[in-house]
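Content type CSV, C-alpha atoms, from the file query.csv:
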```
chain,number,residue,atom,x,y,z
A,1,MET,CA,0.0,0.0,0.0
A,2,ASN,CA,1.2,3.5,-0.8
A,3,GLY,CA,1.3,6.3,1.8
A,4,PRO,CA,0.7,6.1,5.5
A,5,THR,CA,-1.3,3.2,6.9
A,6,LEU,CA,-4.8,3.7,8.2
A,7,ARG,CA,-5.4,3.2,11.9
A,8,ILE,CA,-8.4,0.8,11.9
A,9,LEU,CA,-10.5,-0.2,15.0
A,10,LEU,CA,-12.2,-3.5,14.3
A,11,VAL,CA,-15.1,-4.2,16.6
A,12,GLU,CA,-16.2,-7.8,16.3
A,13,ASP,CA,-17.2,-10.2,19.0
A,14,ASP,CA,-16.6,-13.4,17.0
A,15,GLY,CA,-13.0,-14.3,17.6
A,16,ASP,CA,-12.4,-16.1,14.3
A,17,SER,CA,-14.1,-13.4,12.2
A,18,ALA,CA,-12.1,-10.7,14.0
A,19,GLU,CA,-8.8,-12.5,13.6
A,20,THR,CA,-9.4,-13.3,9.9
A,21,LEU,CA,-10.3,-9.7,9.0
A,22,ALA,CA,-7.5,-8.2,11.2
A,23,VAL,CA,-4.9,-10.4,9.5
A,24,LEU,CA,-6.2,-9.5,6.0
A,25,LEU,CA,-6.2,-5.7,6.9
A,26,ARG,CA,-2.7,-6.0,8.2
A,27,ILE,CA,-1.6,-7.8,5.0
A,28,TYR,CA,-2.9,-4.7,3.2
A,29,GLY,CA,-0.7,-2.6,5.3
A,30,HIS,CA,-3.1,-1.2,7.8
A,31,GLU,CA,-2.6,-0.8,11.6
A,32,VAL,CA,-5.4,-2.8,13.3
A,33,GLN,CA,-6.7,-2.9,16.9
A,34,VAL,CA,-9.4,-5.4,17.7
A,35,ALA,CA,-12.1,-4.9,20.3
A,36,ARG,CA,-14.6,-7.7,21.2
A,37,ASP,CA,-17.2,-5.4,22.7
A,38,GLY,CA,-18.3,-1.7,22.8
A,39,PRO,CA,-16.7,-0.5,26.0
A,40,THR,CA,-13.3,-1.9,24.9
A,41,ALA,CA,-13.7,-0.2,21.5
A,42,LEU,CA,-14.5,3.2,23.2
A,43,ARG,CA,-11.4,2.8,25.4
A,44,LEU,CA,-9.1,1.9,22.5
A,45,ALA,CA,-10.5,4.8,20.4
A,46,ALA,CA,-9.9,7.3,23.3
A,47,ASP,CA,-6.3,6.1,23.7
A,48,GLN,CA,-5.6,6.1,19.9
A,49,PRO,CA,-8.2,7.6,17.7
A,50,PRO,CA,-8.8,5.5,14.6
A,51,ASP,CA,-9.1,6.7,11.0
A,52,VAL,CA,-11.7,4.0,10.4
A,53,ALA,CA,-13.9,2.0,12.7
A,54,LEU,CA,-15.3,-1.3,11.4
A,55,LEU,CA,-18.3,-2.2,13.5
A,56,ASP,CA,-20.3,-5.3,13.9
A,57,LEU,CA,-23.9,-4.5,14.9
A,58,GLY,CA,-24.6,-7.5,17.0
A,59,LEU,CA,-22.3,-7.0,20.0
A,60,PRO,CA,-22.8,-8.0,23.6
A,61,GLY,CA,-23.9,-5.3,26.0
A,62,MET,CA,-23.7,-2.4,23.6
A,63,ASP,CA,-24.7,-2.8,19.9
A,64,GLY,CA,-22.7,-1.3,17.0
A,65,CYS,CA,-25.1,1.6,16.5
A,66,GLU,CA,-24.5,2.7,20.1
A,67,VAL,CA,-20.8,2.3,19.7
A,68,ALA,CA,-21.0,4.5,16.6
A,69,ARG,CA,-23.0,7.2,18.4
A,70,ARG,CA,-20.5,7.3,21.3
A,71,LEU,CA,-17.5,7.4,18.9
A,72,ARG,CA,-19.1,10.4,17.1
A,73,GLU,CA,-19.4,12.1,20.5
A,74,GLN,CA,-15.9,11.1,21.6
A,75,GLU,CA,-14.2,11.9,18.4
A,76,ALA,CA,-16.0,15.2,17.5
A,77,ASP,CA,-12.8,16.9,16.3
A,78,LYS,CA,-11.7,14.1,13.9
A,79,LEU,CA,-14.5,11.7,13.2
A,80,PRO,CA,-13.4,8.3,11.9
A,81,LEU,CA,-15.0,6.7,8.9
A,82,LEU,CA,-17.7,4.5,10.4
A,83,ILE,CA,-18.5,1.2,8.5
A,84,THR,CA,-20.6,-1.6,9.7
A,85,VAL,CA,-19.5,-5.1,8.7
A,86,THR,CA,-22.4,-7.2,9.9
A,87,GLY,CA,-24.8,-10.0,9.2
A,88,TYR,CA,-27.7,-7.7,9.9
A,89,GLY,CA,-29.1,-6.4,6.7
A,90,GLN,CA,-32.8,-5.7,7.3
A,91,ASP,CA,-34.3,-2.3,6.7
A,92,GLU,CA,-34.4,-1.7,10.4
A,93,ASP,CA,-30.7,-2.5,10.7
A,94,ARG,CA,-29.8,-0.1,7.9
A,95,ARG,CA,-32.0,2.6,9.5
A,96,CYS,CA,-30.1,2.1,12.8
A,97,SER,CA,-26.8,2.5,11.0
A,98,LYS,CA,-27.9,5.6,9.3
A,99,GLU,CA,-29.4,7.2,12.4
A,100,ALA,CA,-26.2,6.4,14.3
A,101,GLY,CA,-24.1,8.3,11.7
A,102,ILE,CA,-22.5,5.2,10.2
A,103,HIS,CA,-21.2,6.0,6.7
A,104,LEU,CA,-21.4,2.6,5.1
A,105,HIS,CA,-23.4,-0.6,5.9
A,106,LEU,CA,-21.6,-3.7,4.5
A,107,LEU,CA,-22.9,-7.2,4.9
A,108,LYS,CA,-20.8,-10.3,5.8
A,109,PRO,CA,-19.1,-11.9,4.3
A,110,VAL,CA,-17.3,-8.8,3.1
A,111,ASP,CA,-15.0,-9.0,0.1
A,112,GLY,CA,-11.5,-8.2,1.4
A,113,GLU,CA,-10.2,-6.8,-1.8
A,114,ALA,CA,-13.3,-4.6,-2.3
A,115,LEU,CA,-13.0,-3.4,1.3
A,116,ASN,CA,-9.3,-2.6,0.8
A,117,ARG,CA,-10.1,-0.6,-2.4
A,118,LEU,CA,-12.7,1.4,-0.4
A,119,LEU,CA,-10.1,2.0,2.3
A,120,GLN,CA,-7.5,3.1,-0.2
A,121,ARG,CA,-9.9,5.7,-1.7
A,122,PHE,CA,-10.6,7.0,1.8
A,123,GLN,CA,-6.9,7.1,2.5
A,124,ALA,CA,-6.3,9.2,-0.6
A,125,VAL,CA,-8.9,11.7,0.5
A,126,ILE,CA,-7.6,12.2,4.0
A,127,ALA,CA,-4.0,12.4,2.8
A,128,ARG,CA,-4.8,15.6,0.9
```

As C-alpha cells, how would this structure be written, given the file I've shared?
Amino acid sequence: MNGPTLRILLVEDDGDSAETLAVLLRIYGHEVQVARDGPTALRLAADQPPDVALLDLGLPGMDGCEVARRLREQEADKLPLLITVTGYGQDEDRRCSKEAGIHLHLLKPVDGEALNRLLQRFQAVIAR
C-alpha cells in the first residue's frame, strides 16, 4: 500500500471473524486494533483515535449503533470513517446504522479486496 497506513479499529465479538479480518487488513498494510465489545472499543478509540472503525452491529452489551453514536461524541474533532461489517441487513438494521451516523453498511461476508479498495480511496482523500 502506498502512503501512510490507516489506523483501523475493528469491533467484532466473533474471535475467528475478528482475527481473519484483522490479518487481512494487516496484510494490506493497515494498523489494526481489535475490540470484542463496545466498552473496549471506546477505550481503545480514546487512547488512539482511529481513522476507520469497522463495527459489527450484534455486539454483547452495547450494539454497534450505540458504539458509533458514542464514537461520534468522543471523536467530535476528527470523526473516523464508520463502517458496519455485519450479518444484519434488514431495513431496520440499515436505519439504525444511518441514524447512528454510520457512513457505510456492509454485509458479511465482506469481500476483502473490495474493502481494501474502499479504504485506499478514503486514505487518498484524508491524505490531501

So what do you get for atom CA of A:Leu107 versus atom CA of A:Gln123, distance-wise?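 So the two atoms, atom CA of A:Leu107 and atom CA of A:Gln123, lie 21.6 Å apart.
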
One-decimal distance in Å that lies between atom CA of A:Leu119 and atom CA of A:Gly87: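 Result for atom CA of A:Gly87 versus atom CA of A:Leu119: 20.2 Å, one decimal.
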
Tell me which of A:Lys78, A:Arg95, A:Lys108, A:Arg69 sits closest to A:Gly38, counting all atoms listed in the file.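 Checking each of A:Lys78, A:Arg95, A:Lys108, A:Arg69 against A:Gly38, counting all atoms listed in the file, the winner is A:Arg69.
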
Given all atoms listed in the file as the basis, pick out the residue of A:Thr20, A:Gln90, A:Gln74, A:Ser97 nearest to A:Val32.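 Among the listed residues, A:Thr20 lies closest to A:Val32.
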
Starting from the sparse input, extend stretch 5-18 of chain A to N, CA and C atoms and give the output as a short mmCIF file (atom, residue, chain, number, x, y, z; two decimals), keeping the file's coordinate frame.
```cif
data_model
loop_
_atom_site.label_atom_id
_atom_site.label_comp_id
_atom_site.auth_asym_id
_atom_site.auth_seq_id
_atom_site.Cartn_x
_atom_site.Cartn_y
_atom_site.Cartn_z
N THR A 5 -0.24 4.21 6.63
CA THR A 5 -1.30 3.20 6.90
C THR A 5 -2.45 3.88 7.60
N LEU A 6 -3.59 3.26 7.47
CA LEU A 6 -4.80 3.70 8.20
C LEU A 6 -4.78 3.01 9.57
N ARG A 7 -5.20 3.75 10.59
CA ARG A 7 -5.40 3.20 11.90
C ARG A 7 -6.89 2.69 11.91
N ILE A 8 -7.06 1.38 12.02
CA ILE A 8 -8.40 0.80 11.90
C ILE A 8 -8.74 0.16 13.29
N LEU A 9 -9.93 0.48 13.77
CA LEU A 9 -10.50 -0.20 15.00
C LEU A 9 -11.53 -1.14 14.47
N LEU A 10 -11.28 -2.40 14.69
CA LEU A 10 -12.20 -3.50 14.30
C LEU A 10 -12.95 -3.95 15.52
N VAL A 11 -14.26 -3.80 15.50
CA VAL A 11 -15.10 -4.20 16.60
C VAL A 11 -15.95 -5.36 16.23
N GLU A 12 -15.57 -6.53 16.71
CA GLU A 12 -16.20 -7.80 16.30
C GLU A 12 -16.10 -8.77 17.46
N ASP A 13 -17.24 -9.31 17.88
CA ASP A 13 -17.20 -10.20 19.00
C ASP A 13 -16.90 -11.66 18.67
N ASP A 14 -17.02 -12.04 17.41
CA ASP A 14 -16.60 -13.40 17.00
C ASP A 14 -15.14 -13.45 16.78
N GLY A 15 -14.46 -14.24 17.60
CA GLY A 15 -13.00 -14.30 17.60
C GLY A 15 -12.42 -14.69 16.22
N ASP A 16 -12.97 -15.71 15.58
CA ASP A 16 -12.40 -16.10 14.30
C ASP A 16 -12.63 -15.08 13.22
N SER A 17 -13.81 -14.48 13.18
CA SER A 17 -14.10 -13.40 12.20
C SER A 17 -13.15 -12.22 12.43
N ALA A 18 -12.98 -11.85 13.69
CA ALA A 18 -12.10 -10.70 14.00
C ALA A 18 -10.69 -10.98 13.60
#
```
